[in-house]
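Shown next: query-v9.txt, containing compact mmCIF, C-alpha atoms and all ligand atoms.
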# COMPACT_ATOMS: atom_id res chain seq x y z
CA MET V 918 10.15 16.06 -23.28
CA VAL V 919 13.25 17.02 -25.26
CA CYS V 920 13.85 14.71 -28.20
CA HIS V 921 17.13 13.59 -29.66
CA PRO V 922 17.75 15.19 -33.04
CA ASN V 923 17.68 11.67 -34.40
CA ALA V 924 13.99 11.07 -35.03
CA ILE V 925 14.25 7.32 -34.47
CA ALA V 926 15.85 7.83 -31.04
CA CYS V 927 13.05 10.26 -30.26
CA LEU V 928 10.52 7.63 -31.31
CA HIS V 929 12.11 5.13 -28.95
CA THR V 930 11.77 7.67 -26.16
CA VAL V 931 8.10 8.19 -26.96
CA ILE V 932 7.45 4.45 -26.87
CA ALA V 933 9.36 4.07 -23.64
CA LEU V 934 7.34 6.83 -22.00
CA LEU V 935 4.06 5.44 -23.23
CA LEU V 936 4.87 1.85 -22.48
CA PRO V 937 7.72 1.56 -20.00
CA GLN V 938 7.59 -2.22 -20.07
CA THR V 939 8.50 -2.16 -23.73
CA THR V 940 11.94 -0.62 -23.22
CA ALA V 941 13.63 -3.97 -23.73
CA MET V 942 11.56 -4.81 -26.81
CA ASP V 943 13.15 -5.66 -30.08
CA ASN V 944 12.12 -3.66 -33.13
CA PRO V 945 9.54 -6.10 -34.52
CA SER V 946 7.77 -5.94 -31.15
CA ARG V 947 7.98 -2.17 -31.19
CA ARG V 948 6.39 -2.19 -34.62
CA THR V 949 3.53 -4.26 -33.26
CA VAL V 950 3.08 -1.85 -30.36
CA LEU V 951 3.07 1.14 -32.68
CA LYS V 952 0.47 -0.52 -34.89
CA GLN V 953 -1.68 -1.10 -31.82
CA LEU V 954 -1.26 2.58 -30.98
CA GLY V 955 -2.41 3.51 -34.47
CA LEU V 956 1.10 4.63 -35.41
CA ALA V 957 1.77 2.08 -38.14
CA GLY V 958 3.36 4.76 -40.31
CA LEU V 959 6.00 5.42 -37.69
CA ALA V 960 6.53 1.70 -37.28
CA ALA V 961 7.60 1.49 -40.91
CA THR V 962 10.40 3.98 -40.19
CA LEU V 963 12.08 1.72 -37.64
CA PRO V 964 15.27 0.08 -38.86
CA ALA V 965 15.41 -3.71 -38.81
CA ALA V 966 18.04 -3.61 -36.07
CA ALA V 967 18.94 -0.67 -33.85
CA PRO V 968 22.62 0.34 -33.85
CA ALA V 969 24.27 -0.20 -30.47
CA ALA V 970 24.56 3.54 -29.78
CA LEU V 971 20.88 4.00 -30.52
CA ALA V 972 19.90 1.11 -28.28
CA GLN V 973 21.87 2.71 -25.44
CA SER V 974 19.97 5.97 -25.86
CA THR V 975 16.69 4.21 -25.05
CA PRO V 976 15.68 5.08 -21.50
CA ALA V 977 15.85 1.97 -19.34
CA ALA V 978 14.00 3.32 -16.32
CA PRO V 979 10.23 3.27 -15.99
CA VAL V 980 8.38 6.59 -15.99
CA VAL V 981 8.10 6.50 -12.21
CA ALA V 982 11.10 4.85 -10.61
CA SER V 983 11.21 3.92 -6.96
CA ASN V 984 13.44 1.98 -4.65
CA GLY V 985 10.44 0.13 -3.32
CA PHE V 986 11.71 -0.35 0.23
CA TYR V 987 12.42 1.94 3.17
CA ARG V 988 14.56 0.48 5.93
CA SER V 989 14.99 2.06 9.33
CA LYS V 990 15.32 1.18 13.01
CA LEU V 991 13.14 1.46 16.04
CA GLY V 992 15.45 0.80 18.98
CA ASP V 993 16.90 -2.66 18.35
CA THR V 994 14.13 -3.56 15.92
CA GLU V 995 14.53 -3.15 12.19
CA TYR V 996 11.53 -2.24 10.13
CA VAL V 997 11.21 -2.06 6.36
CA VAL V 998 8.23 -0.47 4.64
CA LEU V 999 7.75 -2.21 1.30
CA SER V 1000 5.92 -0.93 -1.71
CA ASP V 1001 3.55 -3.38 -3.37
CA GLY V 1002 3.38 -0.87 -6.20
CA THR V 1003 0.77 1.70 -7.08
CA ALA V 1004 -2.49 1.82 -9.01
CA SER V 1005 -4.14 4.94 -10.34
CA SER V 1006 -7.79 5.23 -9.48
CA PRO V 1007 -10.41 7.91 -8.74
CA VAL V 1008 -9.86 9.53 -5.33
CA LEU V 1009 -13.56 10.29 -4.94
CA PRO V 1010 -15.72 8.75 -3.66
CA ASN V 1011 -13.32 5.94 -2.67
CA TRP V 1012 -11.19 7.98 -0.28
CA GLY V 1013 -13.75 10.60 0.64
CA GLY V 1014 -17.25 9.16 0.61
CA ASN V 1015 -19.45 11.69 2.47
CA PRO V 1016 -21.89 13.01 -0.18
CA ASP V 1017 -22.27 16.31 1.69
CA LYS V 1018 -18.51 16.92 1.76
CA LEU V 1019 -17.57 16.22 -1.84
CA ALA V 1020 -16.99 19.91 -2.64
CA ASP V 1021 -14.71 20.23 0.42
CA PHE V 1022 -12.83 17.10 -0.63
CA GLU V 1023 -12.33 18.43 -4.16
CA ARG V 1024 -11.09 21.79 -2.88
CA LEU V 1025 -8.63 20.19 -0.48
CA LEU V 1026 -7.33 17.77 -3.11
CA ALA V 1027 -6.84 20.63 -5.58
CA ALA V 1028 -4.91 22.59 -2.94
CA ASN V 1029 -2.62 19.54 -2.65
CA PHE V 1030 -2.22 19.15 -6.43
CA ILE V 1031 -4.16 15.90 -6.53
CA ASP V 1032 -6.56 15.15 -9.39
CA PRO V 1033 -9.75 13.77 -7.79
CA LYS V 1034 -10.47 11.75 -10.94
CA SER V 1035 -7.22 9.80 -10.96
CA ALA V 1036 -4.30 9.65 -8.55
CA PRO V 1037 -1.83 6.91 -7.61
CA ASN V 1038 -2.89 4.73 -4.72
CA ASN V 1039 -0.01 3.19 -2.78
CA PHE V 1040 0.07 -0.20 -1.04
CA ASN V 1041 2.55 -0.47 1.84
CA PRO V 1042 3.04 -3.73 3.72
CA MET V 1043 5.77 -3.67 6.39
CA TYR V 1044 8.45 -6.13 7.47
CA VAL V 1045 9.68 -6.16 11.07
CA ASP V 1046 12.74 -8.02 12.33
CA THR V 1047 12.61 -8.07 16.14
CA GLY V 1048 15.80 -10.14 16.40
CA LYS V 1049 13.66 -13.14 17.32
CA ASN V 1050 10.94 -12.98 14.69
CA LYS V 1051 10.70 -11.86 11.10
CA VAL V 1052 7.18 -10.59 10.63
CA LEU V 1053 5.32 -9.32 7.60
CA ILE V 1054 2.30 -7.07 8.11
CA ASP V 1055 -0.08 -7.60 5.16
CA THR V 1056 0.76 -9.22 1.86
CA GLY V 1057 -0.24 -6.76 -0.86
CA ARG V 1058 -2.31 -7.58 -3.92
CA GLY V 1059 -0.47 -10.61 -5.26
CA GLY V 1060 -0.88 -11.49 -8.92
CA ALA V 1061 0.74 -9.67 -11.82
CA ASN V 1062 0.56 -6.21 -10.19
CA GLY V 1063 1.96 -7.14 -6.78
CA ARG V 1064 5.50 -5.84 -6.25
CA LEU V 1065 5.93 -7.01 -2.64
CA VAL V 1066 8.04 -10.12 -3.25
CA ALA V 1067 10.27 -8.28 -5.76
CA ASN V 1068 10.81 -5.44 -3.29
CA LEU V 1069 11.46 -7.82 -0.37
CA THR V 1070 14.11 -9.48 -2.52
CA ALA V 1071 15.51 -6.09 -3.55
CA ALA V 1072 15.80 -5.24 0.15
CA GLY V 1073 17.81 -8.42 0.72
CA ILE V 1074 15.00 -10.17 2.58
CA ASP V 1075 14.33 -13.77 1.57
CA PRO V 1076 10.53 -14.18 1.56
CA ALA V 1077 11.04 -17.75 2.81
CA SER V 1078 12.77 -16.40 5.95
CA ILE V 1079 9.58 -14.66 7.13
CA ASP V 1080 8.22 -16.71 10.05
CA THR V 1081 5.02 -14.76 10.76
CA VAL V 1082 2.50 -13.06 8.47
CA PHE V 1083 -0.11 -10.85 10.11
CA LEU V 1084 -3.20 -9.67 8.22
CA THR V 1085 -4.79 -6.41 9.42
CA HIS V 1086 -8.03 -7.25 7.60
CA GLY V 1087 -9.50 -9.31 4.80
CA HIS V 1088 -9.57 -6.93 1.81
CA GLY V 1089 -7.97 -8.24 -1.36
CA ASP V 1090 -5.15 -5.67 -1.42
CA HIS V 1091 -3.99 -7.00 1.96
CA ILE V 1092 -4.46 -10.76 1.60
CA GLY V 1093 -3.87 -11.19 -2.16
CA GLY V 1094 -0.17 -12.07 -1.80
CA LEU V 1095 -0.63 -14.56 1.04
CA LEU V 1096 0.35 -17.66 -0.91
CA ALA V 1097 3.86 -16.26 -1.50
CA PHE V 1098 4.71 -17.15 2.11
CA PRO V 1099 3.98 -20.87 2.39
CA LYS V 1100 6.02 -21.52 5.55
CA ALA V 1101 5.02 -18.61 7.77
CA GLN V 1102 2.65 -18.82 10.70
CA LEU V 1103 -0.44 -16.83 9.69
CA VAL V 1104 -2.07 -14.55 12.24
CA MET V 1105 -5.34 -12.63 12.00
CA GLY V 1106 -8.05 -11.30 14.29
CA ALA V 1107 -10.64 -14.00 14.98
CA LEU V 1108 -13.54 -11.63 14.36
CA GLU V 1109 -12.14 -10.53 10.99
CA TYR V 1110 -11.29 -14.08 9.90
CA GLN V 1111 -14.78 -15.27 10.72
CA PHE V 1112 -16.42 -12.34 8.92
CA TRP V 1113 -14.75 -13.19 5.62
CA THR V 1114 -14.77 -16.96 5.80
CA GLN V 1115 -18.34 -17.32 7.09
CA PRO V 1116 -20.17 -14.34 5.65
CA ALA V 1117 -23.63 -13.75 7.07
CA SER V 1118 -25.06 -13.71 3.56
CA GLY V 1119 -23.80 -15.52 0.51
CA GLN V 1120 -20.59 -17.36 -0.16
CA PRO V 1121 -16.99 -16.33 0.50
CA SER V 1122 -15.24 -14.85 -2.54
CA ASP V 1123 -12.91 -17.03 -4.60
CA LEU V 1124 -9.96 -15.06 -3.23
CA VAL V 1125 -11.02 -15.78 0.34
CA LYS V 1126 -11.57 -19.46 -0.53
CA ASN V 1127 -8.11 -19.69 -2.08
CA THR V 1128 -6.31 -17.88 0.74
CA LEU V 1129 -7.96 -17.61 4.18
CA ILE V 1130 -9.98 -20.82 3.87
CA ALA V 1131 -7.45 -22.93 1.95
CA GLN V 1132 -4.76 -22.06 4.53
CA LYS V 1133 -7.06 -22.44 7.53
CA GLU V 1134 -4.77 -24.91 9.36
CA ARG V 1135 -1.93 -22.41 9.39
CA PHE V 1136 -3.87 -19.60 11.07
CA LYS V 1137 -3.52 -18.49 14.65
CA LEU V 1138 -6.61 -16.38 15.38
CA ILE V 1139 -6.19 -13.71 18.04
CA GLN V 1140 -8.28 -11.24 20.01
CA ALA V 1141 -7.75 -7.47 19.84
CA GLY V 1142 -4.92 -6.47 22.17
CA ASP V 1143 -3.18 -9.85 21.91
CA ASP V 1144 0.45 -10.08 20.93
CA ILE V 1145 1.22 -11.20 17.38
CA VAL V 1146 4.78 -12.06 18.46
CA ALA V 1147 6.82 -10.58 21.32
CA GLY V 1148 7.19 -6.85 20.53
CA LEU V 1149 4.20 -6.61 18.19
CA SER V 1150 0.70 -6.25 19.59
CA SER V 1151 -2.64 -5.84 17.88
CA VAL V 1152 -4.83 -2.77 18.33
CA ALA V 1153 -8.62 -2.84 17.90
CA THR V 1154 -9.41 -0.42 15.06
CA TYR V 1155 -12.85 -1.55 13.93
CA GLY V 1156 -14.97 0.19 11.33
CA HIS V 1157 -13.05 0.03 8.04
CA THR V 1158 -13.88 -3.64 8.36
CA VAL V 1159 -15.69 -5.42 11.16
CA GLY V 1160 -12.58 -6.64 12.95
CA HIS V 1161 -9.71 -4.56 11.56
CA LEU V 1162 -6.55 -4.64 13.71
CA ALA V 1163 -3.62 -2.22 13.59
CA VAL V 1164 -0.17 -3.20 14.89
CA MET V 1165 1.87 -1.55 17.63
CA VAL V 1166 5.59 -2.31 17.37
CA SER V 1167 7.62 -1.77 20.55
CA SER V 1168 11.32 -1.88 21.22
CA GLY V 1169 12.60 -0.70 24.60
CA ASP V 1170 10.92 2.64 25.27
CA LYS V 1171 10.22 3.26 21.56
CA SER V 1172 7.08 2.42 19.64
CA MET V 1173 5.49 2.84 16.24
CA MET V 1174 2.16 1.82 14.77
CA HIS V 1175 1.22 0.37 11.41
CA LEU V 1176 -2.29 1.74 11.10
CA GLY V 1177 -3.36 -0.49 8.22
CA ASP V 1178 -6.48 1.00 6.62
CA ALA V 1179 -7.57 2.64 9.85
CA ALA V 1180 -5.25 5.39 8.58
CA GLY V 1181 -7.55 6.15 5.65
CA HIS V 1182 -6.43 8.83 3.16
CA PHE V 1183 -3.32 10.82 4.04
CA ILE V 1184 -5.05 14.16 3.48
CA LEU V 1185 -8.83 13.76 3.45
CA SER V 1186 -9.20 11.43 6.44
CA LEU V 1187 -6.89 13.59 8.55
CA GLN V 1188 -7.78 17.14 7.59
CA ILE V 1189 -11.56 16.83 7.34
CA ARG V 1190 -13.21 15.66 10.52
CA ASP V 1191 -15.87 13.00 10.02
CA ALA V 1192 -14.60 12.11 6.54
CA TYR V 1193 -15.09 8.46 5.77
CA LEU V 1194 -13.91 6.21 2.96
CA GLY V 1195 -16.34 4.94 0.35
CA PHE V 1196 -15.20 1.47 1.27
CA ASP V 1197 -15.40 1.76 5.05
CA ALA V 1198 -17.77 -1.03 6.07
CA ASP V 1199 -19.25 0.75 9.10
CA LYS V 1200 -18.79 4.43 8.36
CA PRO V 1201 -19.74 6.00 11.74
CA MET V 1202 -17.56 3.43 13.52
CA ALA V 1203 -14.67 3.98 11.10
CA VAL V 1204 -14.82 7.74 11.73
CA ALA V 1205 -14.96 7.31 15.51
CA THR V 1206 -12.05 4.86 15.43
CA ARG V 1207 -9.95 7.17 13.24
CA GLN V 1208 -10.54 10.18 15.47
CA LYS V 1209 -9.59 8.19 18.58
CA LEU V 1210 -6.53 6.75 16.87
CA PHE V 1211 -5.32 10.09 15.49
CA ALA V 1212 -5.77 11.74 18.91
CA ARG V 1213 -3.70 8.98 20.51
CA VAL V 1214 -0.79 8.95 18.05
CA ALA V 1215 -0.75 12.77 17.85
CA ALA V 1216 -0.59 13.07 21.65
CA ASP V 1217 2.15 10.42 21.91
CA LYS V 1218 3.99 11.60 18.76
CA THR V 1219 4.03 7.97 17.70
CA LEU V 1220 5.69 7.13 14.38
CA VAL V 1221 2.96 5.74 12.11
CA VAL V 1222 2.75 3.93 8.79
CA GLY V 1223 -0.38 4.20 6.66
CA TYR V 1224 -1.01 1.31 4.30
CA HIS V 1225 -2.25 3.63 1.55
CA PHE V 1226 -0.17 6.70 2.38
CA PRO V 1227 2.36 7.80 -0.27
CA PHE V 1228 5.44 5.60 -0.05
CA PRO V 1229 7.44 5.33 2.19
CA ALA V 1230 4.33 6.10 4.20
CA ALA V 1231 6.07 6.64 7.54
CA GLY V 1232 5.63 9.82 9.53
CA ARG V 1233 3.76 11.46 12.32
CA ILE V 1234 0.34 12.94 12.83
CA ARG V 1235 -0.19 16.28 14.50
CA ARG V 1236 -3.14 18.45 15.32
CA LYS V 1237 -4.15 21.09 12.81
CA GLY V 1238 -7.01 23.28 13.98
CA SER V 1239 -9.88 21.02 14.89
CA ALA V 1240 -8.48 18.17 12.77
CA TYR V 1241 -5.05 16.65 11.98
CA GLU V 1242 -2.33 16.53 9.36
CA TYR V 1243 0.28 14.00 8.28
CA VAL V 1244 3.97 14.94 8.51
CA PRO V 1245 6.11 12.49 6.51
CA ASN V 1246 9.47 11.32 7.81
CA ILE V 1247 12.49 12.97 6.31
CA TRP V 1248 14.20 10.39 4.08
CA GLY V 1249 17.05 8.87 6.04
CA SER V 1250 15.45 9.29 9.44
ZN ZN V 1301 -6.54 -1.42 1.70

Would you mind writing the file out in structure tokens?
Amino acid sequence: MVCHPNAIACLHTVIALLLPQTTAMDNPSRRTVLKQLGLAGLAATLPAAAPAALAQSTPAAPVVASNGFYRSKLGDTEYVVLSDGTASSPVLPNWGGNPDKLADFERLLAANFIDPKSAPNNFNPMYVDTGKNKVLIDTGRGGANGRLVANLTAAGIDPASIDTVFLTHGHGDHIGGLLAFPKAQLVMGALEYQFWTQPASGQPSDLVKNTLIAQKERFKLIQAGDDIVAGLSSVATYGHTVGHLAVMVSSGDKSMMHLGDAAGHFILSLQIRDAYLGFDADKPMAVATRQKLFARVAADKTLVVGYHFPFPAAGRIRRKGSAYEYVPNIWGS
């Protein structure tokens, strides 16, 4: 970082980099933040009010800026991949769970400049406008961290205009934002819905009670292979969860697939055969499903979206030796 010769401006830059949400703070608030950071001495150097020129020198953008939506076309159908934001977390063993492959995972991550102890995890719901239906695939995390509604709005999509919400599976990072779409028809695989709402042991979680169960009357439960709406069909991709469904989007002779969490990790799940996620429910089944799915989309050169792939998360999968690799779309394509 290169600092302004003016030490106070430099201090503002430091605060902004440490705490991007504080960029609009007034000086008393900045003093409080500095005290919390153990920098009370620096806080004392802040003037009571920043001169206009100084205020303008404060960076307004967060450390990592992103558009948050990626709009493109598939035939006559428009699709928009939406970022629900990111969260840094350990890559291992979440995204590579096989105890006997941890050294391979670490080597491969290092070769791709990824710190196994902490890397950003992306969350990528997708909006599809078929001309007849406006469909949202998964709803992100909801709550204070969820960026889905903000990014829908930034993309010019009114959340209230969405008529159908499809849930690939019942994990919190996919159903957490459900209540932001109170008018949409809700669609989910029957097997998956039942698994979460009537667990074999114990009680449903509070999140499931507040979303899947509270909105029970609004759900249309489907079987694998059924259409969600005309142009979007569900694909059985069991293993990550008991009844996980991916989504095939078709328009004329073109098609693409939102893989949900059947995609796994954009490097480990593709490049190391038999790799499973720490949070795959049925690990052998998840591996078998992934291998079948990757073989299919690689052979057909199908455009895919991975829910946890790096935003904008759209690209293709091709064979690499005895495994596969992800080839991201070129921006603008
Ligand atoms: Zn997920």

List all protein, DNA and RNA residues that have any atom at most 7 Å from ligand ZN 1301 (chain V), counting all atoms listed in the file, and write the list as a PDB file with C-alpha atoms, keeping the file's coordinate frame.
ATOM      1  CA  HIS V1088      -9.570  -6.930   1.810  1.00  0.00           C
ATOM      2  CA  ASP V1090      -5.150  -5.670  -1.420  1.00  0.00           C
ATOM      3  CA  HIS V1091      -3.990  -7.000   1.960  1.00  0.00           C
ATOM      4  CA  ASP V1178      -6.480   1.000   6.620  1.00  0.00           C
ATOM      5  CA  TYR V1224      -1.010   1.310   4.300  1.00  0.00           C
ATOM      6  CA  HIS V1225      -2.250   3.630   1.550  1.00  0.00           C
TER       7      HIS V1225
END

Next item on the list: Fewer than 3 positions away in the same chain doesn't count, so skip those; otherwise give me all residues within 12 Å of Gly1181 (chain V), counting all atoms listed in the file, as a PyMOL selection string.
Entry: chain V and resi 1008+1011-1014+1038-1040+1154+1156-1158+1175-1178+1184-1189+1191-1197+1200+1203-1204+1206-1208+1210-1211+1222-1227+1230+1243

Next item on the list: Select, from V:Ile1074, V:Val1159, V:Val1066, V:Ala1141, the residue with the minimum atom-to-atom distance to Phe1112 (chain V), counting only C-alpha atoms.
Entry: V:Val1159

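Each of V:Pro1033, V:Gly1160, V:Gly1059, V:Gly1169 was checked against Leu1019 (chain V) using only C-alpha atoms; the smallest atom-to-atom distance is that of V:Pro1033.
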
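Counting all atoms listed in the file and comparing V:Val1166, V:Phe1228, V:Pro1121, V:Arg1190, the residue that lies closest to Leu999 (chain V) is V:Phe1228.
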
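Reported to one decimal place, the separation of CA of Asp1075 (chain V) from CA of Ala1180 (chain V) is 28.3 Å.
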
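Of the residues listed (V:Tyr1241, V:Tyr996, V:Trp1248, V:Phe1183), V:Phe1183 shows the shortest atom-to-atom separation from Ile1031 (chain V); distances use only C-alpha atoms.
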
Next item on the list: Tell me which protein, DNA and RNA residues are within 8 Å of region 1095-1109 of chain V, counting all atoms listed in the file, leaving out same-chain ones fewer than 4 positions away, and put them as a PyMOL selection string.
Entry: chain V and resi 1056+1059+1066+1076-1077+1079-1087+1113+1128+1135-1141+1145+1158-1162

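Put simply, CA of Lys1018 (chain V) is 18.5 Å away from CA of Ala1198 (chain V).
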
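Of the listed residues V:Phe1030, V:Tyr1110, V:Tyr987, V:Phe1022, the one whose atoms come nearest to Leu1069 (chain V) is V:Tyr987, with distances taken using only C-alpha atoms.
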
Next item on the list: Pick out the closest residue to Asp1144 (chain V) from this set: V:Ile1130, V:Phe986, V:Asn1050, V:Val1164. Count only C-alpha atoms.
Entry: V:Val1164

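Here CA of Val997 (chain V) and CA of Asn1029 (chain V) stand 27.2 Å from one another.
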